[in-house]
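> Sharing data_4.txt, compact mmCIF, C-alpha atoms:
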```txt
# COMPACT_ATOMS: atom_id res chain seq x y z
CA MET A 1 20.10 -23.61 -24.41
CA LEU A 2 20.21 -20.49 -22.28
CA ASN A 3 22.01 -19.64 -19.09
CA LEU A 4 19.52 -17.32 -17.39
CA CYS A 5 21.95 -15.49 -15.13
CA SER A 6 24.50 -13.50 -17.08
CA ASN A 7 25.48 -11.14 -14.25
CA GLY A 8 27.68 -13.57 -12.37
CA VAL A 9 24.85 -15.43 -10.66
CA ARG A 10 24.63 -18.98 -11.85
CA GLY A 11 21.29 -19.92 -13.31
CA SER A 12 19.49 -22.82 -14.94
CA THR A 13 20.30 -23.99 -18.44
CA LEU A 14 17.04 -24.35 -20.33
CA MET A 15 16.21 -26.74 -23.13
CA LEU A 16 13.26 -25.16 -24.94
CA ARG A 17 11.09 -27.31 -27.20
CA PRO A 18 9.11 -25.66 -29.97
CA ARG A 19 5.47 -26.71 -30.19
CA THR A 20 2.30 -25.46 -31.85
CA LEU A 21 -0.17 -23.02 -30.29
CA VAL A 22 -3.86 -22.49 -30.79
CA ARG A 23 -4.05 -18.70 -30.55
CA PRO A 24 -6.90 -16.77 -28.93
CA HIS A 25 -7.25 -13.47 -30.79
CA SER A 26 -8.51 -11.09 -28.10
CA ALA A 27 -7.97 -10.33 -24.42
CA SER A 28 -11.25 -12.00 -23.48
CA THR A 29 -10.60 -15.13 -25.50
CA ALA A 30 -7.05 -15.18 -24.12
CA SER A 31 -8.53 -15.33 -20.63
CA VAL A 32 -10.81 -18.16 -21.68
CA ALA A 33 -7.81 -19.89 -23.20
CA SER A 34 -5.84 -19.66 -19.96
CA ASP A 35 -8.73 -21.17 -17.96
CA LEU A 36 -9.20 -23.92 -20.50
CA TYR A 37 -5.49 -24.60 -20.67
CA LEU A 38 -5.11 -24.75 -16.88
CA ALA A 39 -8.14 -26.97 -16.59
CA ASN A 40 -6.61 -29.48 -18.97
CA ASN A 41 -2.93 -29.18 -18.13
CA PRO A 42 -1.86 -32.37 -16.36
CA ALA A 43 1.30 -30.88 -14.87
CA LEU A 44 -0.55 -28.06 -13.16
CA SER A 45 -3.48 -30.25 -12.19
CA ARG A 46 -1.13 -32.28 -10.03
CA GLY A 47 -0.08 -29.14 -8.11
CA ALA A 48 -1.62 -28.74 -4.69
CA ALA A 49 -2.62 -25.16 -5.37
CA SER A 50 -4.23 -25.92 -8.71
CA THR A 51 -7.99 -26.35 -8.73
CA PRO A 52 -8.92 -27.15 -12.34
CA THR A 53 -12.40 -28.33 -11.40
CA THR A 54 -13.36 -24.74 -10.60
CA LEU A 55 -12.35 -23.44 -14.02
CA THR A 56 -14.95 -23.02 -16.73
CA LYS A 57 -14.30 -24.76 -20.02
CA VAL A 58 -15.43 -22.56 -22.90
CA PRO A 59 -14.74 -23.03 -26.63
CA VAL A 60 -11.77 -20.96 -27.78
CA CYS A 61 -11.48 -18.93 -30.98
CA ARG A 62 -8.69 -20.47 -33.03
CA SER A 63 -6.19 -19.15 -35.52
CA SER A 64 -3.59 -21.06 -37.45
CA LYS A 65 -1.27 -18.03 -37.75
CA ASN A 66 0.31 -18.32 -34.30
CA LYS A 67 3.09 -20.88 -34.05
CA ASN A 68 3.70 -20.57 -30.28
CA ASN A 69 2.66 -23.17 -27.77
CA PRO A 70 1.28 -22.40 -24.29
CA ASN A 71 3.24 -25.40 -23.01
CA SER A 72 6.44 -23.55 -23.90
CA THR A 73 5.37 -20.57 -21.76
CA ILE A 74 4.40 -22.83 -18.86
CA ASP A 75 7.68 -24.76 -19.11
CA PHE A 76 9.66 -21.54 -19.27
CA LEU A 77 7.99 -20.02 -16.20
CA LYS A 78 8.67 -23.22 -14.25
CA GLN A 79 12.29 -23.38 -15.39
CA ILE A 80 13.05 -19.88 -14.15
CA GLY A 81 11.75 -20.88 -10.73
CA LEU A 82 7.97 -20.32 -10.48
CA ASP A 83 6.11 -23.16 -8.79
CA ASP A 84 2.75 -24.50 -9.99
CA SER A 85 0.66 -22.12 -7.89
CA LEU A 86 2.58 -19.08 -9.12
CA VAL A 87 2.42 -20.24 -12.73
CA GLU A 88 -1.34 -20.62 -12.45
CA LYS A 89 -1.68 -17.18 -10.84
CA VAL A 90 0.49 -15.52 -13.48
CA VAL A 91 -1.24 -17.14 -16.45
CA LYS A 92 -4.75 -16.51 -15.15
CA SER A 93 -4.03 -12.84 -14.42
CA HIS A 94 -2.11 -12.31 -17.67
CA PRO A 95 -3.40 -14.82 -20.23
CA ARG A 96 -1.63 -13.00 -23.05
CA LEU A 97 1.54 -14.69 -21.87
CA LEU A 98 0.26 -17.89 -23.46
CA ARG A 99 0.51 -16.15 -26.82
CA CYS A 100 4.11 -14.97 -26.33
CA SER A 101 7.10 -16.48 -28.05
CA VAL A 102 9.52 -17.78 -25.45
CA GLU A 103 12.55 -17.18 -27.68
CA LYS A 104 11.55 -13.76 -29.07
CA THR A 105 9.67 -12.22 -26.13
CA LEU A 106 10.19 -13.91 -22.77
CA ILE A 107 13.89 -14.84 -22.83
CA PRO A 108 15.05 -11.34 -23.90
CA LYS A 109 13.12 -9.77 -20.98
CA ILE A 110 14.66 -12.17 -18.50
CA ARG A 111 18.11 -11.41 -19.89
CA VAL A 112 17.53 -7.66 -19.41
CA LEU A 113 16.42 -8.14 -15.80
CA GLU A 114 19.32 -10.46 -14.97
CA ASP A 115 21.89 -8.24 -16.67
CA PHE A 116 20.54 -5.46 -14.48
CA GLY A 117 21.21 -7.55 -11.40
CA ILE A 118 17.74 -8.90 -10.73
CA CYS A 119 18.14 -12.65 -10.30
CA GLY A 120 17.07 -15.69 -8.31
CA SER A 121 14.32 -15.16 -5.76
CA GLU A 122 14.14 -11.44 -6.62
CA LEU A 123 13.43 -12.30 -10.24
CA ILE A 124 10.74 -14.81 -9.29
CA SER A 125 9.11 -12.33 -6.89
CA MET A 126 9.16 -9.56 -9.50
CA ILE A 127 7.57 -11.69 -12.20
CA ALA A 128 4.95 -13.07 -9.81
CA SER A 129 4.07 -9.52 -8.68
CA ASN A 130 4.15 -7.92 -12.12
CA PRO A 131 3.88 -10.45 -14.97
CA SER A 132 3.05 -7.69 -17.45
CA LEU A 133 6.70 -6.67 -17.64
CA LEU A 134 7.24 -9.83 -19.71
CA TRP A 135 4.91 -8.72 -22.50
CA LYS A 136 3.75 -5.11 -22.13
CA VAL A 137 7.06 -3.45 -22.96
CA SER A 138 9.90 -4.20 -25.39
CA SER A 139 13.28 -5.35 -24.08
CA LYS A 140 14.87 -2.09 -25.22
CA ASN A 141 12.20 -0.02 -23.46
CA LEU A 142 12.44 -2.14 -20.32
CA LEU A 143 16.18 -1.57 -20.15
CA ALA A 144 15.73 2.20 -20.66
CA LYS A 145 13.16 2.33 -17.83
CA LEU A 146 15.42 0.40 -15.48
CA HIS A 147 18.30 2.79 -16.12
CA PHE A 148 15.94 5.74 -15.65
CA LEU A 149 14.88 4.39 -12.26
CA LYS A 150 18.54 3.88 -11.39
CA SER A 151 19.22 7.55 -12.22
CA ILE A 152 16.47 8.56 -9.77
CA LEU A 153 17.19 6.14 -6.97
CA GLY A 154 20.97 6.15 -7.24
CA SER A 155 21.78 2.47 -7.63
CA VAL A 156 20.51 -0.89 -8.86
CA GLU A 157 20.18 -1.97 -5.25
CA ASN A 158 17.88 0.96 -4.49
CA VAL A 159 15.71 0.07 -7.50
CA ARG A 160 15.33 -3.48 -6.20
CA ASN A 161 14.79 -2.46 -2.58
CA ALA A 162 12.18 0.17 -3.46
CA ASN A 163 10.05 -2.48 -5.18
CA ILE A 164 8.91 0.15 -7.66
CA ILE A 165 8.59 -2.28 -10.54
CA LYS A 166 6.58 -4.71 -8.44
CA LYS A 167 4.15 -1.96 -7.44
CA SER A 168 3.91 -0.20 -10.77
CA ASP A 169 3.44 -2.10 -14.00
CA TRP A 170 2.22 1.10 -15.67
CA LEU A 171 5.62 2.69 -14.90
CA LEU A 172 7.20 0.31 -17.39
CA THR A 173 4.74 1.30 -20.10
CA ALA A 174 4.69 5.06 -19.38
CA ASN A 175 6.41 7.29 -21.94
CA LEU A 176 9.97 8.01 -20.85
CA THR A 177 10.51 11.28 -22.72
CA LYS A 178 6.94 12.66 -22.55
CA ALA A 179 6.11 11.87 -18.92
CA LEU A 180 8.77 10.33 -16.68
CA GLN A 181 11.71 12.64 -17.42
CA PRO A 182 9.69 15.92 -17.61
CA ASN A 183 7.92 15.13 -14.33
CA LEU A 184 11.20 14.35 -12.59
CA GLU A 185 12.65 17.65 -13.80
CA LEU A 186 9.53 19.49 -12.61
CA LEU A 187 9.82 18.06 -9.11
CA LYS A 188 13.50 18.89 -8.94
CA SER A 189 12.84 22.44 -10.16
CA TYR A 190 10.88 23.01 -6.94
CA GLY A 191 14.06 22.47 -4.96
CA ILE A 192 13.04 19.06 -3.68
CA SER A 193 16.15 17.21 -2.54
CA ASP A 194 17.16 13.83 -3.93
CA GLU A 195 16.56 12.30 -0.50
CA ARG A 196 12.97 13.56 -0.35
CA LEU A 197 12.34 12.52 -3.96
CA LEU A 198 13.71 9.05 -3.29
CA LYS A 199 11.44 8.56 -0.29
CA PHE A 200 8.37 9.95 -2.04
CA LEU A 201 8.77 8.13 -5.37
CA ALA A 202 9.65 4.83 -3.74
CA ASN A 203 6.17 4.81 -2.20
CA ASN A 204 4.29 6.83 -4.83
CA PRO A 205 5.87 6.00 -8.21
CA ARG A 206 2.66 6.49 -10.21
CA TYR A 207 2.98 10.27 -10.01
CA LEU A 208 5.90 10.10 -12.43
CA SER A 209 3.65 8.79 -15.19
CA LEU A 210 1.03 11.58 -14.99
CA ASN A 211 0.63 14.18 -17.71
CA PRO A 212 3.31 16.83 -16.97
CA LYS A 213 0.70 19.60 -17.29
CA ARG A 214 -1.30 17.99 -14.49
CA VAL A 215 1.83 17.65 -12.37
CA GLN A 216 2.69 21.32 -12.91
CA GLU A 217 -0.84 22.42 -11.95
CA GLY A 218 -0.75 20.27 -8.82
CA LEU A 219 2.58 21.72 -7.68
CA VAL A 220 1.35 25.29 -8.17
CA ARG A 221 -1.90 24.64 -6.29
CA VAL A 222 -0.10 23.28 -3.22
CA GLU A 223 1.37 26.70 -2.56
CA GLN A 224 -1.55 28.78 -3.79
CA GLU A 225 -4.52 26.88 -2.34
CA LEU A 226 -3.09 25.01 0.64
CA GLY A 227 -0.47 27.57 1.57
CA ILE A 228 2.22 24.91 1.97
CA PRO A 229 5.68 26.21 0.97
CA ARG A 230 7.83 23.99 -1.22
CA GLU A 231 10.45 23.73 1.53
CA SER A 232 7.92 22.10 3.88
CA GLY A 233 8.20 18.40 4.61
CA THR A 234 4.49 18.07 3.79
CA PHE A 235 4.74 19.74 0.35
CA LEU A 236 4.85 16.48 -1.63
CA TYR A 237 1.92 15.09 0.35
CA GLY A 238 0.01 18.24 -0.48
CA PHE A 239 0.89 17.58 -4.11
CA LYS A 240 -0.72 14.13 -3.86
CA VAL A 241 -3.91 15.74 -2.56
CA MET A 242 -3.97 18.42 -5.26
CA VAL A 243 -3.60 15.79 -7.95
CA ALA A 244 -6.53 13.89 -6.43
CA LEU A 245 -8.83 16.89 -5.88
CA SER A 246 -10.02 19.48 -8.38
CA LYS A 247 -10.52 23.06 -7.22
CA ARG A 248 -14.24 22.36 -6.75
CA ASP A 249 -13.52 19.09 -4.90
CA LEU A 250 -11.26 20.98 -2.50
CA GLU A 251 -14.02 23.53 -1.82
CA LEU A 252 -16.44 20.71 -1.05
CA ARG A 253 -13.95 19.20 1.39
CA PHE A 254 -13.67 22.50 3.27
CA GLU A 255 -17.46 22.75 3.35
CA MET A 256 -17.70 19.22 4.77
CA PHE A 257 -15.46 20.08 7.72
CA LYS A 258 -17.35 23.32 8.32
CA ARG A 259 -20.60 21.35 8.67
CA TYR A 260 -19.05 19.69 11.73
CA GLY A 261 -18.09 22.95 13.39
CA TRP A 262 -14.64 23.52 11.92
CA SER A 263 -13.61 27.03 10.92
CA GLU A 264 -11.65 27.73 7.73
CA SER A 265 -8.63 28.44 9.91
CA ASP A 266 -9.00 25.02 11.62
CA VAL A 267 -9.10 23.23 8.26
CA ARG A 268 -6.04 25.11 7.00
CA VAL A 269 -4.06 24.30 10.15
CA MET A 270 -4.98 20.64 9.71
CA SER A 271 -4.19 20.54 5.98
CA LYS A 272 -0.75 22.10 6.48
CA ARG A 273 0.15 19.54 9.12
CA MET A 274 -1.25 16.54 7.25
CA PRO A 275 -2.63 17.30 3.77
CA GLU A 276 -3.94 13.73 3.35
CA SER A 277 -6.50 14.44 6.09
CA LEU A 278 -8.43 16.41 3.47
CA LEU A 279 -9.22 13.07 1.84
CA THR A 280 -10.95 11.80 4.99
CA SER A 281 -14.43 10.48 4.29
CA GLU A 282 -17.41 12.20 5.89
CA ALA A 283 -18.28 9.01 7.79
CA LYS A 284 -14.78 8.89 9.29
CA LEU A 285 -14.87 12.59 10.13
CA LYS A 286 -18.26 12.22 11.81
CA THR A 287 -17.05 9.29 13.90
CA GLY A 288 -13.88 11.12 14.94
CA VAL A 289 -15.72 14.32 15.91
CA ASP A 290 -18.28 12.32 17.88
CA PHE A 291 -15.63 10.45 19.88
CA PHE A 292 -13.04 13.15 20.52
CA ILE A 293 -15.21 16.27 20.72
CA ASN A 294 -18.73 15.21 21.68
CA LYS A 295 -17.85 12.39 24.09
CA ARG A 296 -14.31 13.14 25.29
CA GLY A 297 -14.65 16.92 25.36
CA TYR A 298 -11.66 17.91 23.23
CA GLU A 299 -11.67 21.15 21.24
CA ILE A 300 -11.66 21.19 17.44
CA GLY A 301 -8.30 22.96 17.61
CA PHE A 302 -6.87 19.90 19.37
CA LEU A 303 -7.83 17.70 16.40
CA ALA A 304 -6.74 20.28 13.84
CA ALA A 305 -3.26 20.28 15.37
CA ARG A 306 -3.19 16.47 15.51
CA PRO A 307 -5.00 15.36 12.33
CA SER A 308 -3.58 11.85 12.44
CA LEU A 309 -6.17 11.13 15.13
CA LEU A 310 -8.83 11.44 12.42
CA MET A 311 -6.96 9.01 10.18
CA TYR A 312 -6.63 6.16 12.66
CA SER A 313 -9.13 3.30 12.66
CA MET A 314 -11.77 3.77 15.35
CA GLU A 315 -12.38 0.05 15.82
CA GLY A 316 -8.81 -1.12 15.22
CA ARG A 317 -6.85 1.45 17.22
CA ILE A 318 -8.65 4.26 18.98
CA LEU A 319 -11.33 2.42 20.99
CA PRO A 320 -9.18 -0.58 22.05
CA ARG A 321 -6.29 1.65 23.17
CA TYR A 322 -8.56 4.05 24.98
CA ALA A 323 -10.17 1.11 26.79
CA VAL A 324 -6.74 -0.26 27.81
CA MET A 325 -5.77 3.08 29.34
CA GLN A 326 -9.05 3.30 31.24
CA VAL A 327 -8.51 -0.18 32.67
CA LEU A 328 -4.93 0.61 33.74
CA GLN A 329 -5.88 3.88 35.41
CA GLU A 330 -8.86 2.36 37.19
CA SER A 331 -6.77 -0.56 38.48
CA ASN A 332 -4.10 1.82 39.82
CA LEU A 333 -1.39 -0.14 38.00
CA PHE A 334 -0.40 2.85 35.92
CA ARG A 335 0.07 6.12 37.77
CA ARG A 336 1.02 8.35 34.85
CA ASN A 337 -1.64 9.98 32.71
CA PRO A 338 -0.27 10.36 29.17
CA SER A 339 -2.21 12.42 26.67
CA ILE A 340 -4.45 10.53 24.29
CA TYR A 341 -2.27 11.59 21.35
CA THR A 342 0.87 10.25 23.07
CA TYR A 343 -0.37 6.67 23.11
CA MET A 344 -2.46 6.77 19.95
CA LYS A 345 0.49 7.73 17.74
CA LEU A 346 2.65 4.79 18.88
CA SER A 347 3.16 1.82 16.62
CA GLU A 348 1.40 -1.36 17.66
CA SER A 349 4.58 -2.93 19.04
CA GLN A 350 5.45 0.25 20.96
CA PHE A 351 1.98 0.41 22.52
CA LEU A 352 2.15 -3.25 23.55
CA ASP A 353 5.60 -2.79 25.10
CA ALA A 354 4.59 0.33 27.01
CA TYR A 355 1.02 -0.34 28.13
CA VAL A 356 0.07 -3.99 27.81
CA LEU A 357 2.97 -6.41 28.26
CA PRO A 358 4.25 -4.89 31.57
CA PHE A 359 0.90 -5.77 33.15
CA LYS A 360 0.41 -9.19 31.58
CA ASP A 361 0.85 -11.03 34.90
CA GLU A 362 -1.42 -8.75 36.94
CA LEU A 363 -4.08 -8.47 34.24
CA PRO A 364 -3.86 -11.45 31.85
CA GLU A 365 -7.41 -10.69 30.65
CA LEU A 366 -6.21 -7.28 29.45
CA TYR A 367 -3.50 -8.79 27.26
CA GLU A 368 -5.82 -11.42 25.82
CA ALA A 369 -8.66 -8.99 25.10
CA TYR A 370 -6.43 -6.32 23.56
CA THR A 371 -4.36 -8.58 21.31
CA ALA A 372 -7.60 -10.13 20.04
CA LYS A 373 -9.08 -6.62 19.67
CA LYS A 374 -12.16 -7.72 21.64
CA LEU A 375 -13.58 -4.37 22.65
CA PRO A 376 -16.61 -5.77 24.55
CA GLU A 377 -14.27 -7.79 26.79
CA LEU A 378 -12.13 -4.71 27.46
CA ILE A 379 -15.25 -2.77 28.45
CA LEU A 380 -16.41 -5.59 30.75
CA LEU A 381 -12.95 -5.72 32.35
CA TYR A 382 -13.06 -1.97 32.96
CA ARG A 383 -16.51 -2.24 34.57
CA LYS A 384 -15.36 -5.14 36.72
CA ILE A 385 -12.34 -3.22 37.99
CA SER A 386 -14.37 -0.04 38.38
CA ASP A 387 -17.03 -1.82 40.46
CA SER A 388 -14.34 -3.46 42.59
CA SER A 389 -12.65 -0.10 43.20
CA LEU A 390 -15.99 1.43 44.17
CA GLN A 391 -16.68 -1.37 46.65
CA ASP A 392 -13.21 -0.96 48.21
CA SER A 393 -13.81 2.77 48.59
CA CYS A 394 -17.15 2.14 50.34
CA ILE A 395 -15.58 -0.35 52.77
CA SER A 396 -12.73 2.05 53.57
CA SER A 397 -15.22 4.86 54.14
CA ARG A 398 -17.28 2.75 56.57
CA ARG A 399 -14.18 1.72 58.54
CA ALA A 400 -13.10 5.32 58.81
CA SER A 401 -16.46 6.35 60.23
```
Using structure tokens, write down the structure that the file contains.

Amino acid sequence: MLNLCSNGVRGSTLMLRPRTLVRPHSASTASVASDLYLANNPALSRGAASTPTTLTKVPVCRSSKNKNNPNSTIDFLKQIGLDDSLVEKVVKSHPRLLRCSVEKTLIPKIRVLEDFGICGSELISMIASNPSLLWKVSSKNLLAKLHFLKSILGSVENVRNANIIKKSDWLLTANLTKALQPNLELLKSYGISDERLLKFLANNPRYLSLNPKRVQEGLVRVEQELGIPRESGTFLYGFKVMVALSKRDLELRFEMFKRYGWSESDVRVMSKRMPESLLTSEAKLKTGVDFFINKRGYEIGFLAARPSLLMYSMEGRILPRYAVMQVLQESNLFRRNPSIYTYMKLSESQFLDAYVLPFKDELPELYEAYTAKKLPELILLYRKISDSSLQDSCISSRRAS
């Protein structure tokens, strides 16, 4: 018997029954075993999300040494709150779980998580998102990593809210003394505040597990090659780019922009404002230059100072929003003429509230076409309004004469 919540949160009391397991002895045979097991497991077959008929039955390599039973793992996952569909997902993505001892491996991990304050729906969500934490790392190591994350983020609540463990199974297996701690000290040695570190690592935790030598080189290159000072709000984003690009890769990126008419100064202005723009693909750059410079007549300097315009989706954001503004201006419903950057940088809800919903009654077709992202319909609506405006102008001109 085990009460699964030892941190004050009441949990289930489990009755675990020992059985006998046929053990697959490699990762590939473990995967085969999970498919075969799910295909023949009556309890899961009754679940609505289970589709055993689609699973391939393949003979499994057997060994008499393993005394664990996959039924025990399945029962355990269900008893801590996973439903049939989640159990199937977890076992198929991590078949090694079927080889784990519930008493020696799984229960101790759950105890660590619950003692740390991760319980109930949070526990279920964490296991469903990152099942490897149940078998890839020892209980002692798991506890050490959790306390390390707490030291970075400030509290248990911040660890849970940041979802770092859900996003980063490798973080739990990374070496604490050889990677995580040295990298944290390196970042702090550059004068980066705890607030900035918290924000950056909550969204980019994998950088803590890199080789410290690579981290050091990346930090140095941000200042030397991009010219971004460590006090800048974009310094850590420049670090991400320097980790991703070698010195030669960076040179090739500069050359790519120059092929489209950018000067070295333009590229440096852009990279200081938004370092991630250096990772823009050539296809995306070509599309952005064609729309903003070749067709709309903007200068390269305009884009260099507003690099986020190159990062936005042409089909998902730029063209639909531009079409909406053309329709509004042609219909005389919107007298102001905001810059293209002003309305492109808005969130989707902000753009709807400012430029679409206020005109829903006068132009219901505009709302329907934009929310469905039907660009051809937006273009047809613009032409319709434009033709109507032209006809009205001709009539007024004839009356005046």
> So that I can see what lies close to A:Ser265, please list as JSON, numbers by chain the residues with an atom at most 10 Å from it, counting all atoms listed in the file and leaving out residues fewer than 5 positions away in the same chain.
{"A": [270, 271, 301, 304]}
> May I have the residues within 10 Å of A:Val112 as a ChimeraX atom specification, using only C-alpha atoms and disregarding those fewer than 3 positions away in the same chain?
/A:5-6,107-109,115-118,139-140,142-143,146
> With distances taken over only C-alpha atoms, which of A:Ser125, A:Val220, A:Ser93, A:Thr73 is nearest to A:Thr105?
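Closest candidate: A:Thr73.
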> May I ask which of the residues A:Leu153, A:Ile127, A:Leu245, A:Leu210 is the closest one to A:Val91, counting all atoms listed in the file?
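Nearest to A:Val91: A:Ile127.
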> Here's a test: counting only C-alpha atoms, identify every protein, DNA and RNA residue with an atom at most 6 Å from (16.5, 9.4, -4.2) in the file's coordinate frame, and state them as a list in words.
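Residues found, by chain and rising number: Ile152, Leu153, Asp194, Glu195, Leu197 and Leu198 of chain A.
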> Applying 12 Å and only C-alpha atoms, which residues near A:Trp262 remain after dropping the ones on its own chain fewer than 3 positions away? List them as an mmCIF file with C-alpha atoms, in the frame of the given file.

```
data_model
loop_
_atom_site.group_PDB
_atom_site.id
_atom_site.type_symbol
_atom_site.label_atom_id
_atom_site.label_comp_id
_atom_site.auth_asym_id
_atom_site.auth_seq_id
_atom_site.Cartn_x
_atom_site.Cartn_y
_atom_site.Cartn_z
ATOM 1 C CA ARG A 253 -13.950 19.200 1.390
ATOM 2 C CA PHE A 254 -13.670 22.500 3.270
ATOM 3 C CA GLU A 255 -17.460 22.750 3.350
ATOM 4 C CA MET A 256 -17.700 19.220 4.770
ATOM 5 C CA PHE A 257 -15.460 20.080 7.720
ATOM 6 C CA LYS A 258 -17.350 23.320 8.320
ATOM 7 C CA ARG A 259 -20.600 21.350 8.670
ATOM 8 C CA SER A 265 -8.630 28.440 9.910
ATOM 9 C CA ASP A 266 -9.000 25.020 11.620
ATOM 10 C CA VAL A 267 -9.100 23.230 8.260
ATOM 11 C CA ARG A 268 -6.040 25.110 7.000
ATOM 12 C CA VAL A 269 -4.060 24.300 10.150
ATOM 13 C CA MET A 270 -4.980 20.640 9.710
ATOM 14 C CA LEU A 285 -14.870 12.590 10.130
ATOM 15 C CA LYS A 286 -18.260 12.220 11.810
ATOM 16 C CA VAL A 289 -15.720 14.320 15.910
ATOM 17 C CA ILE A 293 -15.210 16.270 20.720
ATOM 18 C CA GLU A 299 -11.670 21.150 21.240
ATOM 19 C CA ILE A 300 -11.660 21.190 17.440
ATOM 20 C CA GLY A 301 -8.300 22.960 17.610
ATOM 21 C CA PHE A 302 -6.870 19.900 19.370
ATOM 22 C CA LEU A 303 -7.830 17.700 16.400
ATOM 23 C CA ALA A 304 -6.740 20.280 13.840
#
```
